[in-house]
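One file, query03.cif, is given below (mmCIF, C-alpha atoms).
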```cif
data_model
#
loop_
_atom_site.label_atom_id
_atom_site.label_comp_id
_atom_site.auth_asym_id
_atom_site.auth_seq_id
_atom_site.Cartn_x
_atom_site.Cartn_y
_atom_site.Cartn_z
CA MET A 1 90.44 157.74 110.02
CA PRO A 2 89.33 161.25 111.14
CA LYS A 3 89.59 163.83 108.32
CA LYS A 4 90.42 167.52 108.36
CA ALA A 5 88.88 169.87 105.78
CA ILE A 6 91.84 172.03 104.71
CA GLY A 7 90.01 174.28 102.24
CA ALA A 8 89.75 174.03 98.46
CA VAL A 9 93.23 172.86 97.45
CA SER A 10 94.07 170.99 94.23
CA LEU A 11 96.19 168.57 96.26
CA LEU A 12 96.90 166.04 93.54
CA TYR A 13 100.30 164.34 93.64
CA PRO A 14 102.83 163.62 92.41
CA ILE A 15 102.82 165.47 89.11
CA PRO A 16 105.23 164.96 86.21
CA ILE A 17 107.49 167.91 85.46
CA VAL A 18 107.81 168.84 81.79
CA LEU A 19 109.15 171.64 79.61
CA VAL A 20 106.48 173.08 77.32
CA GLY A 21 107.79 174.66 74.12
CA SER A 22 106.24 177.18 71.78
CA LEU A 23 107.38 179.64 69.16
CA VAL A 24 106.88 183.19 70.38
CA GLY A 25 107.25 185.35 67.33
CA GLU A 26 109.96 183.34 65.59
CA ARG A 27 111.90 182.41 68.72
CA PRO A 28 111.66 179.09 70.53
CA ASN A 29 110.68 179.44 74.16
CA TYR A 30 110.23 176.89 76.97
CA THR A 31 108.55 176.95 80.34
CA THR A 32 108.42 174.39 83.14
CA ILE A 33 105.03 173.11 84.27
CA GLY A 34 103.43 170.28 86.22
CA ASP A 35 99.86 171.07 85.18
CA VAL A 36 99.92 168.47 82.44
CA ALA A 37 98.25 165.11 81.80
CA ILE A 38 97.41 162.42 79.33
CA MET A 39 93.76 162.85 78.27
CA GLY A 40 93.66 159.74 76.12
CA ILE A 41 95.74 157.14 74.30
CA ARG A 42 93.51 156.54 71.25
CA PRO A 43 93.14 159.30 70.15
CA PRO A 44 96.45 160.53 71.65
CA LEU A 45 95.39 163.54 73.69
CA VAL A 46 97.12 165.66 76.33
CA CYS A 47 96.25 168.79 78.23
CA ILE A 48 98.25 171.57 79.83
CA SER A 49 97.25 174.59 81.89
CA MET A 50 99.12 177.87 82.09
CA ASN A 51 98.64 181.44 83.19
CA CYS A 52 96.98 183.23 80.26
CA THR A 53 99.42 186.15 80.48
CA HIS A 54 102.59 184.04 80.35
CA TYR A 55 105.01 184.34 77.47
CA THR A 56 104.70 180.72 76.32
CA THR A 57 100.89 181.02 76.36
CA GLU A 58 101.17 183.93 73.95
CA GLY A 59 103.10 181.68 71.57
CA ILE A 60 100.54 178.87 71.82
CA HIS A 61 97.68 181.30 71.14
CA ALA A 62 99.44 182.61 68.03
CA SER A 63 100.58 179.24 66.64
CA GLY A 64 98.05 176.69 67.94
CA ALA A 65 101.00 174.41 68.64
CA PHE A 66 103.17 173.38 71.57
CA SER A 67 105.58 170.64 72.54
CA ILE A 68 105.94 168.63 75.74
CA ASN A 69 109.55 167.72 76.54
CA LEU A 70 110.25 165.17 79.28
CA PRO A 71 113.45 165.93 81.17
CA THR A 72 115.60 163.59 83.25
CA ALA A 73 116.58 164.14 86.88
CA ALA A 74 120.08 165.12 85.70
CA GLN A 75 118.53 168.17 84.00
CA LEU A 76 116.88 169.48 87.18
CA PRO A 77 118.88 172.76 87.43
CA VAL A 78 117.91 173.97 83.95
CA VAL A 79 114.37 172.61 84.38
CA ASP A 80 113.84 174.58 87.60
CA TYR A 81 115.50 177.63 86.01
CA CYS A 82 113.03 177.58 83.10
CA GLY A 83 110.22 177.81 85.66
CA ILE A 84 111.80 180.76 87.44
CA VAL A 85 112.66 183.11 84.55
CA SER A 86 110.31 184.44 81.87
CA GLY A 87 110.98 184.32 78.15
CA LYS A 88 110.15 188.02 78.24
CA THR A 89 113.61 188.65 79.76
CA VAL A 90 115.69 185.51 79.00
CA ASP A 91 116.19 183.68 75.70
CA LYS A 92 115.41 180.16 76.91
CA GLY A 93 115.51 178.70 73.39
CA ASP A 94 119.24 179.38 73.56
CA LEU A 95 119.64 176.92 76.46
CA PHE A 96 118.90 173.84 74.35
CA THR A 97 119.38 172.30 70.92
CA ASN A 98 116.02 172.94 69.24
CA PHE A 99 114.44 170.71 66.62
CA TYR A 100 111.11 170.80 64.80
CA GLY A 101 108.52 168.34 63.49
CA ASP A 102 105.29 168.72 61.54
CA GLY A 103 103.45 170.44 64.43
CA GLY A 104 105.75 173.43 64.25
CA ALA A 105 106.55 173.91 67.95
CA PRO A 106 110.19 173.81 69.05
CA MET A 107 111.37 170.65 70.82
CA ILE A 108 114.40 169.98 73.02
CA GLU A 109 116.92 167.49 71.66
CA GLU A 110 118.47 167.03 75.13
CA CYS A 111 115.18 165.64 76.53
CA PRO A 112 114.73 161.89 75.90
CA VAL A 113 111.05 162.16 74.91
CA ASN A 114 109.25 164.92 73.00
CA LEU A 115 105.58 165.23 72.09
CA ASP A 116 104.69 167.43 69.12
CA CYS A 117 101.15 168.72 69.79
CA LEU A 118 98.41 170.72 68.05
CA VAL A 119 95.70 172.45 70.11
CA GLU A 120 92.18 171.10 69.59
CA GLU A 121 90.27 172.96 72.32
CA GLU A 122 90.96 175.79 74.72
CA VAL A 123 89.05 176.44 77.96
CA ARG A 124 89.62 179.61 79.96
CA ILE A 125 88.71 179.76 83.64
CA GLU A 126 89.65 183.04 85.28
CA HIS A 127 93.36 183.59 84.45
CA ARG A 128 94.04 179.95 83.52
CA CYS A 129 94.30 178.93 79.86
CA ILE A 130 93.73 175.17 79.50
CA PHE A 131 94.79 173.65 76.18
CA ILE A 132 93.61 170.21 75.11
CA ALA A 133 95.77 169.00 72.26
CA ARG A 134 96.37 166.07 69.96
CA VAL A 135 99.81 164.54 69.77
CA VAL A 136 100.87 164.50 66.12
CA GLN A 137 104.21 162.77 66.60
CA THR A 138 106.35 161.47 69.45
CA TYR A 139 110.14 161.52 69.35
CA VAL A 140 112.29 159.32 71.56
CA ASP A 141 116.08 159.13 71.86
CA GLU A 142 117.14 156.14 69.79
CA GLN A 143 118.85 154.51 72.77
CA TYR A 144 115.48 154.15 74.55
CA VAL A 145 113.63 152.55 71.64
CA ASP A 146 113.73 148.81 71.04
CA ALA A 147 115.87 148.20 67.96
CA SER A 148 113.48 145.58 66.60
CA ASP A 149 110.20 147.35 67.42
CA ASP A 150 109.73 151.10 67.08
CA GLN A 151 106.71 151.02 69.38
CA THR A 152 108.56 149.72 72.45
CA VAL A 153 110.13 152.36 74.65
CA ALA A 154 112.39 151.60 77.63
CA ALA A 155 110.70 151.10 81.01
CA LEU A 156 110.31 154.16 83.18
CA PRO A 157 113.42 153.87 85.40
CA ALA A 158 115.70 154.28 82.34
CA LEU A 159 113.96 157.57 81.49
CA ASP A 160 114.63 158.86 85.05
CA PRO A 161 111.80 161.43 85.15
CA VAL A 162 111.31 164.33 87.54
CA MET A 163 108.23 164.59 89.75
CA TYR A 164 106.97 167.45 91.84
CA ALA A 165 104.35 167.98 94.53
CA LEU A 166 102.70 170.81 96.41
CA ASP A 167 105.23 170.24 99.21
CA ASN A 168 107.45 172.19 96.74
CA HIS A 169 109.95 169.35 96.38
CA TYR A 170 111.18 167.45 93.37
CA TYR A 171 111.41 163.66 93.51
CA ARG A 172 112.83 160.81 91.47
CA LEU A 173 111.06 157.59 90.70
CA GLY A 174 111.13 154.78 93.27
CA ALA A 175 110.64 151.03 93.10
CA MET A 176 108.41 149.26 90.62
CA ILE A 177 105.58 147.77 92.70
CA GLY A 178 103.28 146.09 90.23
CA THR A 179 101.81 145.61 86.79
CA GLY A 180 98.69 147.28 85.44
CA TYR A 181 95.50 145.18 85.22
CA ASN A 182 97.25 142.44 87.16
CA GLU A 183 97.61 143.44 90.85
CA GLY A 184 93.83 143.45 91.28
CA ARG A 185 93.12 140.12 89.62
CA GLN A 186 93.32 138.24 92.90
CA PHE A 187 91.61 140.98 94.92
CA ARG A 188 88.67 139.89 97.02
CA LYS A 189 86.68 142.09 99.34
CA PRO A 190 87.84 141.40 102.92
CA GLY A 191 85.37 139.10 104.61
CA ARG A 192 84.33 137.46 101.36
CA GLU A 193 85.46 134.04 100.22
CA MET B 1 121.15 162.41 70.45
CA PRO B 2 119.51 160.78 67.37
CA LYS B 3 115.71 160.58 67.72
CA LYS B 4 113.21 158.02 66.51
CA ALA B 5 109.67 159.05 65.56
CA ILE B 6 107.49 156.37 67.18
CA GLY B 7 104.09 157.63 66.01
CA ALA B 8 101.53 159.78 67.82
CA VAL B 9 101.73 158.48 71.41
CA SER B 10 100.74 160.46 74.50
CA LEU B 11 103.93 159.28 76.20
CA LEU B 12 103.77 161.46 79.29
CA TYR B 13 105.13 159.95 82.51
CA PRO B 14 104.82 159.18 85.30
CA ILE B 15 101.16 159.79 86.03
CA PRO B 16 99.49 159.81 89.45
CA ILE B 17 97.00 157.02 90.03
CA VAL B 18 93.71 158.07 91.62
CA LEU B 19 90.25 156.72 92.33
CA VAL B 20 87.50 158.89 90.85
CA GLY B 21 84.16 158.70 92.63
CA SER B 22 80.68 159.55 91.47
CA LEU B 23 77.13 158.71 92.39
CA VAL B 24 75.52 156.55 89.72
CA GLY B 25 71.85 156.64 90.46
CA GLU B 26 72.06 156.66 94.22
CA ARG B 27 75.02 154.30 94.49
CA PRO B 28 78.62 155.37 95.05
CA ASN B 29 80.98 154.11 92.38
CA TYR B 30 84.75 154.43 91.89
CA THR B 31 87.09 153.94 88.97
CA THR B 32 90.86 154.04 88.73
CA ILE B 33 92.44 156.53 86.34
CA GLY B 34 95.76 158.21 85.59
CA ASP B 35 94.35 160.76 83.15
CA VAL B 36 94.18 163.43 85.82
CA ALA B 37 96.00 166.69 86.55
CA ILE B 38 96.07 169.91 88.48
CA MET B 39 94.89 172.72 86.18
CA GLY B 40 95.49 175.50 88.68
CA ILE B 41 96.04 176.33 92.33
CA ARG B 42 94.19 179.66 92.54
CA PRO B 43 91.48 178.97 91.49
CA PRO B 44 91.80 175.31 92.54
CA LEU B 45 91.16 173.43 89.28
CA VAL B 46 91.65 169.83 88.20
CA CYS B 47 90.82 167.84 85.11
CA ILE B 48 90.11 164.20 84.41
CA SER B 49 89.46 162.29 81.20
CA MET B 50 87.38 159.15 80.87
CA ASN B 51 85.70 157.04 78.24
CA CYS B 52 82.27 158.64 77.63
CA THR B 53 80.51 155.29 77.87
CA HIS B 54 81.97 154.27 81.25
CA TYR B 55 79.77 153.82 84.28
CA THR B 56 81.45 156.54 86.38
CA THR B 57 81.14 159.00 83.46
CA GLU B 58 77.40 158.41 83.47
CA GLY B 59 77.30 159.43 87.12
CA ILE B 60 79.34 162.59 86.50
CA HIS B 61 77.07 163.60 83.64
CA ALA B 62 73.99 163.18 85.82
CA SER B 63 75.37 164.86 88.96
CA GLY B 64 77.99 167.36 87.72
CA ALA B 65 80.17 166.19 90.60
CA PHE B 66 83.06 163.81 91.19
CA SER B 67 85.73 163.13 93.77
CA ILE B 68 89.44 162.41 93.41
CA ASN B 69 90.76 160.01 96.04
CA LEU B 70 94.52 159.57 96.41
CA PRO B 71 95.47 156.02 97.41
CA THR B 72 98.67 154.77 99.04
CA ALA B 73 100.93 152.04 97.68
CA ALA B 74 99.51 149.65 100.29
CA GLN B 75 96.12 149.94 98.56
CA LEU B 76 97.44 148.84 95.16
CA PRO B 77 95.42 145.57 94.90
CA VAL B 78 92.04 147.29 95.34
CA VAL B 79 93.18 150.26 93.24
CA ASP B 80 94.12 148.03 90.31
CA TYR B 81 90.92 146.01 90.82
CA CYS B 82 88.77 149.16 90.51
CA GLY B 83 90.39 149.76 87.11
CA ILE B 84 89.67 146.22 85.93
CA VAL B 85 85.99 145.77 86.84
CA SER B 86 83.06 147.99 85.85
CA GLY B 87 80.48 149.39 88.23
CA LYS B 88 77.94 147.94 85.81
CA THR B 89 78.71 144.48 87.23
CA VAL B 90 80.40 145.06 90.62
CA ASP B 91 79.30 147.28 93.52
CA LYS B 92 82.60 149.12 94.05
CA GLY B 93 81.09 151.53 96.60
CA ASP B 94 80.85 148.50 98.84
CA LEU B 95 84.66 148.13 98.90
CA PHE B 96 85.25 151.31 100.91
CA THR B 97 83.87 153.45 103.70
CA ASN B 98 82.10 156.26 101.81
CA PHE B 99 81.71 159.81 103.06
CA TYR B 100 80.24 162.95 101.53
CA GLY B 101 80.92 166.70 101.51
CA ASP B 102 79.14 169.68 99.97
CA GLY B 103 79.98 168.65 96.39
CA GLY B 104 77.85 165.53 96.69
CA ALA B 105 80.18 162.94 95.18
CA PRO B 106 81.18 159.92 97.29
CA MET B 107 84.68 159.95 98.79
CA ILE B 108 86.81 157.14 100.19
CA GLU B 109 87.65 157.37 103.88
CA GLU B 110 90.52 154.87 103.50
CA CYS B 111 92.39 157.21 101.11
CA PRO B 112 94.52 159.85 102.92
CA VAL B 113 93.50 162.73 100.62
CA ASN B 114 90.15 163.42 98.95
CA LEU B 115 89.17 166.24 96.59
CA ASP B 116 85.47 167.14 96.40
CA CYS B 117 84.95 168.58 92.88
CA LEU B 118 82.23 170.24 90.80
CA VAL B 119 82.41 170.19 87.01
CA GLU B 120 82.85 173.61 85.38
CA GLU B 121 83.46 172.62 81.75
CA GLU B 122 83.27 169.48 79.67
CA VAL B 123 85.07 168.90 76.38
CA ARG B 124 84.34 165.84 74.25
CA ILE B 125 86.85 164.62 71.69
CA GLU B 126 85.78 161.42 69.96
CA HIS B 127 84.93 158.95 72.79
CA ARG B 128 86.82 160.87 75.50
CA CYS B 129 84.90 162.99 78.01
CA ILE B 130 87.22 165.57 79.59
CA PHE B 131 85.93 167.25 82.74
CA ILE B 132 87.50 170.43 84.09
CA ALA B 133 86.35 170.95 87.65
CA ARG B 134 86.75 173.22 90.62
CA VAL B 135 87.78 171.72 93.95
CA VAL B 136 85.22 172.79 96.55
CA GLN B 137 86.88 171.16 99.55
CA THR B 138 89.89 169.01 100.29
CA TYR B 139 89.91 166.39 103.05
CA VAL B 140 93.09 165.00 104.56
CA ASP B 141 93.57 162.33 107.23
CA GLU B 142 94.20 164.22 110.45
CA GLN B 143 97.53 162.45 111.01
CA TYR B 144 98.94 164.12 107.87
CA VAL B 145 97.89 167.68 108.75
CA ASP B 146 100.08 169.90 110.91
CA ALA B 147 98.35 170.23 114.28
CA SER B 148 99.13 173.95 114.51
CA ASP B 149 98.37 174.88 110.89
CA ASP B 150 95.50 173.37 108.92
CA GLN B 151 97.13 174.39 105.62
CA THR B 152 100.27 172.30 106.07
CA VAL B 153 100.09 168.73 104.83
CA ALA B 154 102.84 166.13 105.34
CA ALA B 155 105.54 165.95 102.69
CA LEU B 156 104.98 163.53 99.85
CA PRO B 157 106.89 160.44 101.12
CA ALA B 158 104.47 160.12 104.08
CA LEU B 159 101.51 159.98 101.66
CA ASP B 160 103.20 157.10 99.74
CA PRO B 161 101.41 157.66 96.41
CA VAL B 162 101.11 155.29 93.46
CA MET B 163 102.40 156.22 90.03
CA TYR B 164 101.89 154.54 86.70
CA ALA B 165 103.37 154.77 83.22
CA LEU B 166 102.71 153.50 79.73
CA ASP B 167 105.21 150.71 80.42
CA ASN B 168 102.16 149.31 82.30
CA HIS B 169 103.94 149.26 85.66
CA TYR B 170 103.12 150.89 88.97
CA TYR B 171 105.85 152.69 90.89
CA ARG B 172 106.42 154.21 94.30
CA LEU B 173 108.04 157.53 94.97
CA GLY B 174 111.84 157.74 95.10
CA ALA B 175 114.31 160.16 96.64
CA MET B 176 113.67 163.87 97.14
CA ILE B 177 116.12 165.60 94.79
CA GLY B 178 115.43 169.30 95.18
CA THR B 179 113.24 172.25 96.06
CA GLY B 180 111.02 174.18 93.66
CA TYR B 181 112.21 177.60 92.51
CA ASN B 182 115.57 176.90 94.12
CA GLU B 183 117.54 174.34 92.06
CA GLY B 184 117.72 176.75 89.12
CA ARG B 185 118.83 179.82 91.05
CA GLN B 186 122.50 179.13 90.45
CA PHE B 187 121.98 177.85 86.91
CA ARG B 188 124.18 179.47 84.26
CA LYS B 189 124.23 178.54 80.60
CA PRO B 190 127.33 176.38 79.99
CA GLY B 191 130.09 178.48 78.43
CA ARG B 192 128.88 181.68 80.07
CA GLU B 193 130.48 183.28 83.11
#
```
Target format structure tokens, applied to this file:
Amino acid sequence: MPKKAIGAVSLLYPIPIVLVGSLVGERPNYTTIGDVAIMGIRPPLVCISMNCTHYTTEGIHASGAFSINLPTAAQLPVVDYCGIVSGKTVDKGDLFTNFYGDGGAPMIEECPVNLDCLVEEEVRIEHRCIFIARVVQTYVDEQYVDASDDQTVAALPALDPVMYALDNHYYRLGAMIGTGYNEGRQFRKPGRE
Amino acid sequence: MPKKAIGAVSLLYPIPIVLVGSLVGERPNYTTIGDVAIMGIRPPLVCISMNCTHYTTEGIHASGAFSINLPTAAQLPVVDYCGIVSGKTVDKGDLFTNFYGDGGAPMIEECPVNLDCLVEEEVRIEHRCIFIARVVQTYVDEQYVDASDDQTVAALPALDPVMYALDNHYYRLGAMIGTGYNEGRQFRKPGRE
């Protein structure tokens, strides 16, 4: 397949859309980002990247704590809104029911899943502040947790997450197409027996 | 909504599934990961996280370079396979048509999008090696690039990406549900005029 070099573009897709929370001064604030990832399961690590001058970043620098709140597709209007307006001019903590865990960052009760995180490392590259953090506790709406086993959370379609891509569109989840560490078990290189 | 604390779990979802390439010795090798994210657009930054003892990690340490190759859902068997077997025992470079750019890491011609990356920073936390890298060039299959504008890539459904979640299932993309920086324009806090 002929390739075109399109320049240096971080064309990774799709990306999960989350609301990152921090206390700025004593007020809860949230911003919408897609620059977020799991960095490990054991230990439970995540990373986020934000503009160093943004309001939420200021709160993370002061507190060393942030939360990751996973919205559902039904919340898209407020999710997009939190990415448009700055906490410098709008009280975004006022848009949600806030709750707190041991980490200290505000979390959003209306989001089905919340990660309470403490920063372990920060890397700055130009105007980007990259925070690598440890999850100290994870909160899930009771309805999505197996009643007999606190470690089992509903499968992804029930959580109805929001995705985004550099085509500047939001997407919902599609069909389940396979199981991890299973689809490749029967794989053989074409031409080999 | 009552919440359950389920322990410290990096329950972020969904995550994009990619093949990370590196030269190990002089041989191209690929591994499948979901611990990957955009860390910025300008500058074009990405990050990945891998077990420090893995074969691909060895190659990144030696070369300071890696590639991110975005598969399609049709490639799921080989994608899952590359996450099951180690390059220590299987020649995974042999599964694809390899090509190279200025960064030096091997890339997969059969994947529609390839990011050629150079490591800028590494953070180690316990056994996780986290690499923050700059994209030096992005390659896209010609059929997905606008003929009149090299910067315009096809919308996400055409690229048919693979997602994964901690429910250990792979998913395809679903419906487009909105446009960035638009869905929130009309948002008003409930109860306010």
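Of the listed residues B:Leu159, B:Val90, B:Ile108, B:Met39, the one whose atoms come nearest to chain A is B:Met39, with distances taken using all atoms listed in the file.
Across the model, the gap from atom CA of A:Ala105 to atom CA of B:Ile125 is 22.1 Å.
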Apply the PyMOL selection byres ((chain B and resi 26-28) around 10) to the structure shown and report the selected residues as a count of residues only.
21
Under the PyMOL selection byres ((chain B and resi 119) around 10), which residues of this model are included? Write them out as a JSON list (two decimals) with C-alpha atoms, in the frame of the given file.
```json
[["chain", "number", "residue", "atom", "x", "y", "z"],
["B", 45, "LEU", "CA", 91.16, 173.43, 89.28],
["B", 46, "VAL", "CA", 91.65, 169.83, 88.20],
["B", 47, "CYS", "CA", 90.82, 167.84, 85.11],
["B", 60, "ILE", "CA", 79.34, 162.59, 86.50],
["B", 61, "HIS", "CA", 77.07, 163.60, 83.64],
["B", 63, "SER", "CA", 75.37, 164.86, 88.96],
["B", 64, "GLY", "CA", 77.99, 167.36, 87.72],
["B", 65, "ALA", "CA", 80.17, 166.19, 90.60],
["B", 66, "PHE", "CA", 83.06, 163.81, 91.19],
["B", 103, "GLY", "CA", 79.98, 168.65, 96.39],
["B", 117, "CYS", "CA", 84.95, 168.58, 92.88],
["B", 118, "LEU", "CA", 82.23, 170.24, 90.80],
["B", 120, "GLU", "CA", 82.85, 173.61, 85.38],
["B", 121, "GLU", "CA", 83.46, 172.62, 81.75],
["B", 122, "GLU", "CA", 83.27, 169.48, 79.67],
["B", 130, "ILE", "CA", 87.22, 165.57, 79.59],
["B", 131, "PHE", "CA", 85.93, 167.25, 82.74],
["B", 132, "ILE", "CA", 87.50, 170.43, 84.09],
["B", 133, "ALA", "CA", 86.35, 170.95, 87.65],
["B", 134, "ARG", "CA", 86.75, 173.22, 90.62],
["B", 135, "VAL", "CA", 87.78, 171.72, 93.95]]
```
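Interatomic distance, atom CA of B:Pro112 against atom CA of B:Val153: 10.7 Å.
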Distance in Å - atom CA of B:Tyr171 versus atom CA of B:Leu12
14.7 Å
Can you tell me, as a PyMOL selection string, what residues are no more than 12 Å from stretch 72-79 of chain B when counting only C-alpha atoms, ignoring any on the same chain fewer than 2 positions away?
(chain A and resi 13-14+174-190) or (chain B and resi 16-20+30-34+69-70+81-85+92-96+108+110-113+156-164+169-173)
When the PyMOL selection byres ((chain B and resi 9) around 12) is applied to the file above, which residues end up in the set, as a ChimeraX atom specification?
/A:38-46,68,113-117,134-140,150-153 /B:5-8,10-13,166
Could those residues be written to a file, using C-alpha atoms, as a PDB file, keeping the file's coordinate frame?
```pdb
ATOM      1  CA  ILE A  38      97.410 162.420  79.330  1.00  0.00           C
ATOM      2  CA  MET A  39      93.760 162.850  78.270  1.00  0.00           C
ATOM      3  CA  GLY A  40      93.660 159.740  76.120  1.00  0.00           C
ATOM      4  CA  ILE A  41      95.740 157.140  74.300  1.00  0.00           C
ATOM      5  CA  ARG A  42      93.510 156.540  71.250  1.00  0.00           C
ATOM      6  CA  PRO A  43      93.140 159.300  70.150  1.00  0.00           C
ATOM      7  CA  PRO A  44      96.450 160.530  71.650  1.00  0.00           C
ATOM      8  CA  LEU A  45      95.390 163.540  73.690  1.00  0.00           C
ATOM      9  CA  VAL A  46      97.120 165.660  76.330  1.00  0.00           C
ATOM     10  CA  ILE A  68     105.940 168.630  75.740  1.00  0.00           C
ATOM     11  CA  VAL A 113     111.050 162.160  74.910  1.00  0.00           C
ATOM     12  CA  ASN A 114     109.250 164.920  73.000  1.00  0.00           C
ATOM     13  CA  LEU A 115     105.580 165.230  72.090  1.00  0.00           C
ATOM     14  CA  ASP A 116     104.690 167.430  69.120  1.00  0.00           C
ATOM     15  CA  CYS A 117     101.150 168.720  69.790  1.00  0.00           C
ATOM     16  CA  ARG A 134      96.370 166.070  69.960  1.00  0.00           C
ATOM     17  CA  VAL A 135      99.810 164.540  69.770  1.00  0.00           C
ATOM     18  CA  VAL A 136     100.870 164.500  66.120  1.00  0.00           C
ATOM     19  CA  GLN A 137     104.210 162.770  66.600  1.00  0.00           C
ATOM     20  CA  THR A 138     106.350 161.470  69.450  1.00  0.00           C
ATOM     21  CA  TYR A 139     110.140 161.520  69.350  1.00  0.00           C
ATOM     22  CA  VAL A 140     112.290 159.320  71.560  1.00  0.00           C
ATOM     23  CA  ASP A 150     109.730 151.100  67.080  1.00  0.00           C
ATOM     24  CA  GLN A 151     106.710 151.020  69.380  1.00  0.00           C
ATOM     25  CA  THR A 152     108.560 149.720  72.450  1.00  0.00           C
ATOM     26  CA  VAL A 153     110.130 152.360  74.650  1.00  0.00           C
TER      27      VAL A 153
ATOM     28  CA  ALA B   5     109.670 159.050  65.560  1.00  0.00           C
ATOM     29  CA  ILE B   6     107.490 156.370  67.180  1.00  0.00           C
ATOM     30  CA  GLY B   7     104.090 157.630  66.010  1.00  0.00           C
ATOM     31  CA  ALA B   8     101.530 159.780  67.820  1.00  0.00           C
ATOM     32  CA  SER B  10     100.740 160.460  74.500  1.00  0.00           C
ATOM     33  CA  LEU B  11     103.930 159.280  76.200  1.00  0.00           C
ATOM     34  CA  LEU B  12     103.770 161.460  79.290  1.00  0.00           C
ATOM     35  CA  TYR B  13     105.130 159.950  82.510  1.00  0.00           C
ATOM     36  CA  LEU B 166     102.710 153.500  79.730  1.00  0.00           C
TER      37      LEU B 166
END
```
If you count only C-alpha atoms, the residue of B:Ala154, B:His127, B:Asp141, B:Ser148 closest to chain A turns out to be B:Asp141
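Considering all atoms listed in the file, the residue among A:Gly104, A:Tyr144, A:Asp167, A:Asn51 positioned nearest to chain B is A:Asp167.
For the residues B:Glu58, B:Ser67, B:Thr97, B:Asp80, ranking by smallest atom-to-atom distance to chain A using only C-alpha atoms places B:Asp80 first.
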